[in-house]
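Text of structure32.cif (mmCIF, C-alpha atoms) as supplied:
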data_run
loop_
_atom_site.label_atom_id
_atom_site.label_comp_id
_atom_site.auth_asym_id
_atom_site.auth_seq_id
_atom_site.Cartn_x
_atom_site.Cartn_y
_atom_site.Cartn_z
CA GLN A 20 -88.03 -173.22 137.85
CA LEU A 21 -85.10 -175.36 138.88
CA ILE A 22 -83.25 -177.08 136.00
CA LEU A 23 -80.77 -179.93 136.36
CA THR A 24 -77.99 -180.61 133.85
CA GLU A 25 -75.80 -183.71 133.84
CA SER A 26 -72.30 -184.06 132.44
CA GLY A 27 -69.38 -186.47 132.54
CA GLY A 28 -70.72 -189.51 130.74
CA GLY A 29 -68.73 -191.37 128.12
CA LEU A 30 -67.15 -194.61 127.01
CA VAL A 31 -65.08 -196.68 129.44
CA GLN A 32 -63.73 -200.20 129.65
CA PRO A 33 -64.80 -202.60 132.39
CA GLY A 34 -62.96 -201.84 135.60
CA GLY A 35 -62.65 -198.19 134.66
CA SER A 36 -63.95 -195.08 136.37
CA LEU A 37 -66.07 -192.06 135.52
CA ARG A 38 -67.27 -189.05 137.44
CA LEU A 39 -70.69 -187.67 136.67
CA ALA A 40 -71.72 -184.16 137.64
CA CYS A 41 -75.13 -182.56 138.03
CA SER A 42 -75.48 -178.80 137.97
CA ALA A 43 -78.57 -177.08 139.34
CA SER A 44 -79.77 -173.76 137.92
CA ASN A 45 -80.28 -172.06 141.27
CA GLU A 46 -79.46 -172.31 144.95
CA ASN A 47 -82.87 -173.63 145.94
CA VAL A 48 -81.47 -177.09 145.20
CA ARG A 49 -79.96 -177.08 148.67
CA TYR A 50 -83.39 -177.63 150.23
CA TYR A 51 -83.96 -180.93 148.44
CA ALA A 52 -82.59 -184.43 148.39
CA LEU A 53 -81.09 -185.47 145.08
CA ALA A 54 -80.60 -188.79 143.38
CA TRP A 55 -78.97 -190.50 140.44
CA ILE A 56 -81.35 -192.60 138.40
CA ARG A 57 -80.34 -194.73 135.42
CA GLN A 58 -82.15 -196.41 132.59
CA ALA A 59 -80.49 -199.26 130.75
CA PRO A 60 -81.59 -200.19 127.22
CA GLY A 61 -84.91 -201.99 127.30
CA LYS A 62 -85.30 -201.64 131.05
CA GLU A 63 -87.25 -199.48 133.47
CA PRO A 64 -85.46 -196.62 135.24
CA GLU A 65 -83.96 -197.47 138.60
CA GLY A 66 -82.75 -195.23 141.39
CA ILE A 67 -79.17 -196.08 142.22
CA SER A 68 -78.14 -193.50 144.80
CA CYS A 69 -79.57 -190.60 146.76
CA ILE A 70 -78.26 -187.95 149.10
CA THR A 71 -80.11 -185.83 151.65
CA SER A 72 -80.39 -182.07 151.31
CA SER A 73 -77.60 -181.56 153.82
CA GLY A 74 -75.39 -184.21 152.26
CA GLU A 75 -75.04 -185.98 155.59
CA SER A 76 -76.84 -189.18 154.61
CA THR A 77 -76.75 -191.32 151.48
CA ASN A 78 -78.33 -194.48 150.17
CA TYR A 79 -77.29 -196.90 147.42
CA LEU A 80 -78.77 -199.66 145.32
CA ASN A 81 -77.06 -202.91 146.32
CA SER A 82 -75.60 -203.45 142.86
CA VAL A 83 -73.55 -200.23 143.06
CA LYS A 84 -72.78 -200.17 146.77
CA GLY A 85 -69.03 -200.12 147.35
CA ARG A 86 -68.32 -198.99 143.78
CA PHE A 87 -70.22 -195.69 143.47
CA VAL A 88 -70.01 -192.65 145.74
CA ILE A 89 -72.52 -189.79 145.72
CA THR A 90 -71.61 -186.35 147.02
CA ARG A 91 -72.92 -182.81 146.75
CA ASP A 92 -71.59 -179.30 147.17
CA ASN A 93 -74.40 -176.92 148.06
CA THR A 94 -72.08 -173.91 147.78
CA LYS A 95 -71.79 -174.66 144.06
CA ASN A 96 -75.27 -176.11 143.43
CA MET A 97 -73.59 -179.34 142.32
CA MET A 98 -73.95 -183.08 142.86
CA TYR A 99 -71.51 -185.78 141.79
CA LEU A 100 -71.34 -189.51 141.28
CA ASN A 101 -67.93 -191.16 141.36
CA MET A 102 -68.21 -194.52 139.63
CA ASN A 103 -65.44 -197.06 140.05
CA ASN A 104 -64.92 -200.64 138.87
CA LEU A 105 -67.52 -200.13 136.17
CA LYS A 106 -69.22 -203.17 134.69
CA GLN A 107 -70.98 -203.71 131.39
CA GLU A 108 -74.30 -203.85 133.25
CA ASP A 109 -73.71 -200.24 134.34
CA THR A 110 -74.30 -199.13 130.74
CA ALA A 111 -77.27 -196.76 130.82
CA ILE A 112 -78.43 -193.20 130.57
CA TYR A 113 -77.82 -191.56 133.93
CA TYR A 114 -80.15 -188.86 135.20
CA CYS A 115 -79.92 -186.61 138.20
CA ALA A 116 -83.23 -185.91 139.86
CA LEU A 117 -84.63 -183.75 142.62
CA ARG A 118 -86.90 -185.14 145.32
CA ASN A 119 -89.73 -182.61 145.51
CA LEU A 120 -92.72 -184.94 145.77
CA GLY A 121 -92.01 -187.23 148.68
CA PRO A 122 -92.80 -186.89 152.39
CA VAL A 123 -90.22 -185.57 154.85
CA SER A 124 -88.63 -182.77 152.91
CA GLY A 125 -84.90 -183.21 152.45
CA ALA A 126 -84.95 -186.93 153.20
CA CYS A 127 -83.39 -189.51 150.91
CA ASP A 128 -85.03 -192.51 149.27
CA LEU A 129 -85.01 -194.23 145.89
CA THR A 130 -88.75 -194.14 145.18
CA LEU A 131 -88.87 -192.73 141.66
CA ALA A 132 -92.34 -191.26 142.14
CA HIS A 133 -90.85 -188.86 144.69
CA PHE A 134 -88.60 -187.21 142.09
CA GLY A 135 -90.41 -184.59 140.05
CA VAL A 136 -87.49 -182.78 138.40
CA TRP A 137 -85.10 -184.68 136.16
CA GLY A 138 -82.21 -183.64 133.98
CA GLN A 139 -81.78 -184.61 130.34
CA GLY A 140 -79.41 -187.46 131.13
CA THR A 141 -75.87 -188.42 130.18
CA GLN A 142 -74.89 -191.68 128.48
CA VAL A 143 -72.47 -194.07 130.16
CA THR A 144 -71.26 -196.98 128.05
CA VAL A 145 -69.02 -199.71 129.47
CA PHE A 146 -67.54 -201.88 126.73
CA SER A 147 -64.77 -204.41 126.36
#
Reformat the file's structure so that it appears as structure tokens.
Amino acid sequence: QLILTESGGGLVQPGGSLRLACSASNENVRYYALAWIRQAPGKEPEGISCITSSGESTNYLNSVKGRFVITRDNTKNMMYLNMNNLKQEDTAIYYCALRNLGPVSGACDLTLAHFGVWGQGTQVTVFS
């Protein structure tokens, strides 16, 4: 069973930066697309960025495009999210998730129903 573990969350002021990391428990993660999904207080989860199994293609929610960058290192079973120019509306629990339920294995999309393995989440709080 593949397990995902997030790290790197914390408190930051608006305009600041954070780097989130997602560690996978085994090398099979390299066969799957991965995504970062967040859930703000009182709101439904939303997919904010995904990356294909190879790492060659990415996709972003419009609200984070140009500020967040998703990458992965399949040699280390790791995925990252570099978050810059953070805003208060970025406050949420951030989850990494593996796309094991959607069509076209390895492809990237932000349809939450396609992600069947999630980590426990890491809290990001942007405050002034």
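You will find atom CA of A:Asp92 at 10.7 Å from atom CA of A:Ala40.
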Counting all atoms listed in the file, which residues in stretch 78-102 of chain A sit no more than 10 Å from stretch 22-32 of chain A? For each one, give the nearest pair of atoms and the distance in Å, sorted by chain then residue number, as JSON lines.
{"residue": "A:Asn96", "atom": "CA", "partner": "A:Leu23", "partner_atom": "CA", "distance": 9.7}
{"residue": "A:Met97", "atom": "CA", "partner": "A:Leu23", "partner_atom": "CA", "distance": 9.3}
{"residue": "A:Met98", "atom": "CA", "partner": "A:Glu25", "partner_atom": "CA", "distance": 9.2}
{"residue": "A:Tyr99", "atom": "CA", "partner": "A:Glu25", "partner_atom": "CA", "distance": 9.3}
{"residue": "A:Leu100", "atom": "CA", "partner": "A:Gly27", "partner_atom": "CA", "distance": 9.5}
Next on the checklist: Which residues would end up in the selection if the PyMOL selection byres ((chain A and resi 105) around 10) were applied here, given that I need the answer as a PyMOL selection string?
Outcome noted: chain A and resi 31-37+83+86-87+102-104+106-110+143-146
Keeping only C-alpha atoms, write those residues as an mmCIF file, in the coordinates of the input.
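Listed below is the output, selection.cif:
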data_model
loop_
_atom_site.group_PDB
_atom_site.id
_atom_site.type_symbol
_atom_site.label_atom_id
_atom_site.label_comp_id
_atom_site.auth_asym_id
_atom_site.auth_seq_id
_atom_site.Cartn_x
_atom_site.Cartn_y
_atom_site.Cartn_z
ATOM 1 C CA VAL A 31 -65.080 -196.680 129.440
ATOM 2 C CA GLN A 32 -63.730 -200.200 129.650
ATOM 3 C CA PRO A 33 -64.800 -202.600 132.390
ATOM 4 C CA GLY A 34 -62.960 -201.840 135.600
ATOM 5 C CA GLY A 35 -62.650 -198.190 134.660
ATOM 6 C CA SER A 36 -63.950 -195.080 136.370
ATOM 7 C CA LEU A 37 -66.070 -192.060 135.520
ATOM 8 C CA VAL A 83 -73.550 -200.230 143.060
ATOM 9 C CA ARG A 86 -68.320 -198.990 143.780
ATOM 10 C CA PHE A 87 -70.220 -195.690 143.470
ATOM 11 C CA MET A 102 -68.210 -194.520 139.630
ATOM 12 C CA ASN A 103 -65.440 -197.060 140.050
ATOM 13 C CA ASN A 104 -64.920 -200.640 138.870
ATOM 14 C CA LYS A 106 -69.220 -203.170 134.690
ATOM 15 C CA GLN A 107 -70.980 -203.710 131.390
ATOM 16 C CA GLU A 108 -74.300 -203.850 133.250
ATOM 17 C CA ASP A 109 -73.710 -200.240 134.340
ATOM 18 C CA THR A 110 -74.300 -199.130 130.740
ATOM 19 C CA VAL A 143 -72.470 -194.070 130.160
ATOM 20 C CA THR A 144 -71.260 -196.980 128.050
ATOM 21 C CA VAL A 145 -69.020 -199.710 129.470
ATOM 22 C CA PHE A 146 -67.540 -201.880 126.730
#
Item to check | Among the residues A:Leu117, A:Val48, A:Cys127, A:Val136, the one that comes closest to A:Thr77 [using only C-alpha atoms] | outcome: A:Cys127
Checklist entry - Which residues, written as an MDAnalysis selection string, have at least one atom at most 10 Å from A:Pro64, with all atoms listed in the file counted and residues fewer than 3 positions away on the same chain left out? => result chainID A and resid 56:61 67 111:114 131
Item to check | Neighbour residues at most 12 Å from (-81.9, -172.4, 148.0) (only C-alpha atoms) as an MDAnalysis selection string | outcome: chainID A and resid 20:21 43:51 72:73 93:96
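With atom CA of A:Ser42 on one side and atom CA of A:Gly85 on the other, the separation reads 24.2 Å.
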Residue completion, stretch 56-67 of chain A, all heavy atoms, as a short mmCIF file (atom, residue, chain, number, x, y, z; two decimals), in the coordinates of the input:
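In the end it all went to result.cif:
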data_model
loop_
_atom_site.label_atom_id
_atom_site.label_comp_id
_atom_site.auth_asym_id
_atom_site.auth_seq_id
_atom_site.Cartn_x
_atom_site.Cartn_y
_atom_site.Cartn_z
N ILE A 56 -80.45 -191.59 138.91
CA ILE A 56 -81.35 -192.60 138.40
C ILE A 56 -80.82 -193.02 137.04
O ILE A 56 -80.36 -192.16 136.27
CB ILE A 56 -82.77 -192.04 138.26
CG1 ILE A 56 -83.32 -191.66 139.65
CG2 ILE A 56 -83.70 -193.06 137.58
CD1 ILE A 56 -84.56 -190.80 139.62
N ARG A 57 -80.84 -194.29 136.72
CA ARG A 57 -80.34 -194.73 135.42
C ARG A 57 -81.38 -195.59 134.71
O ARG A 57 -82.23 -196.21 135.35
CB ARG A 57 -79.02 -195.49 135.56
CG ARG A 57 -79.14 -196.86 136.20
CD ARG A 57 -77.77 -197.49 136.39
NE ARG A 57 -77.85 -198.83 136.99
CZ ARG A 57 -76.79 -199.52 137.39
NH1 ARG A 57 -75.55 -199.01 137.25
NH2 ARG A 57 -76.95 -200.71 137.93
N GLN A 58 -81.28 -195.57 133.41
CA GLN A 58 -82.15 -196.41 132.59
C GLN A 58 -81.30 -197.13 131.55
O GLN A 58 -80.74 -196.48 130.65
CB GLN A 58 -83.25 -195.60 131.92
CG GLN A 58 -84.24 -196.48 131.18
CD GLN A 58 -85.48 -195.74 130.74
OE1 GLN A 58 -85.49 -194.51 130.63
NE2 GLN A 58 -86.56 -196.48 130.50
N ALA A 59 -81.22 -198.43 131.70
CA ALA A 59 -80.49 -199.26 130.75
C ALA A 59 -81.38 -199.56 129.55
O ALA A 59 -82.61 -199.49 129.66
CB ALA A 59 -80.04 -200.55 131.42
N PRO A 60 -80.79 -199.89 128.42
CA PRO A 60 -81.59 -200.19 127.22
C PRO A 60 -82.60 -201.30 127.48
O PRO A 60 -82.26 -202.36 127.99
CB PRO A 60 -80.53 -200.64 126.21
CG PRO A 60 -79.27 -200.00 126.65
CD PRO A 60 -79.34 -199.96 128.14
N GLY A 61 -83.86 -201.01 127.16
CA GLY A 61 -84.91 -201.99 127.30
C GLY A 61 -85.38 -202.24 128.71
O GLY A 61 -86.16 -203.18 128.95
N LYS A 62 -84.93 -201.43 129.65
CA LYS A 62 -85.30 -201.64 131.05
C LYS A 62 -85.96 -200.40 131.63
O LYS A 62 -85.85 -199.31 131.09
CB LYS A 62 -84.07 -202.02 131.88
CG LYS A 62 -83.44 -203.36 131.49
CD LYS A 62 -82.35 -203.74 132.44
CE LYS A 62 -81.76 -205.11 132.10
NZ LYS A 62 -80.67 -205.51 133.03
N GLU A 63 -86.64 -200.60 132.76
CA GLU A 63 -87.25 -199.48 133.47
C GLU A 63 -86.17 -198.69 134.21
O GLU A 63 -85.12 -199.22 134.58
CB GLU A 63 -88.26 -200.02 134.48
CG GLU A 63 -89.48 -200.68 133.86
CD GLU A 63 -90.31 -199.69 133.08
OE1 GLU A 63 -90.58 -198.59 133.61
OE2 GLU A 63 -90.68 -199.99 131.93
N PRO A 64 -86.41 -197.40 134.44
CA PRO A 64 -85.46 -196.62 135.24
C PRO A 64 -85.34 -197.18 136.64
O PRO A 64 -86.31 -197.72 137.18
CB PRO A 64 -86.09 -195.21 135.27
CG PRO A 64 -87.06 -195.20 134.14
CD PRO A 64 -87.55 -196.59 133.98
N GLU A 65 -84.16 -197.05 137.22
CA GLU A 65 -83.96 -197.47 138.60
C GLU A 65 -83.12 -196.43 139.34
O GLU A 65 -82.14 -195.90 138.79
CB GLU A 65 -83.25 -198.84 138.67
CG GLU A 65 -81.87 -198.89 138.08
CD GLU A 65 -81.19 -200.25 138.22
OE1 GLU A 65 -81.77 -201.16 138.85
OE2 GLU A 65 -80.06 -200.39 137.69
N GLY A 66 -83.52 -196.14 140.55
CA GLY A 66 -82.75 -195.23 141.39
C GLY A 66 -81.55 -195.97 141.92
O GLY A 66 -81.68 -197.07 142.45
N ILE A 67 -80.37 -195.38 141.77
CA ILE A 67 -79.17 -196.08 142.22
C ILE A 67 -78.51 -195.43 143.43
O ILE A 67 -77.80 -196.10 144.17
CB ILE A 67 -78.13 -196.22 141.09
CG1 ILE A 67 -77.72 -194.84 140.56
CG2 ILE A 67 -78.67 -197.09 139.98
CD1 ILE A 67 -76.53 -194.90 139.62
#
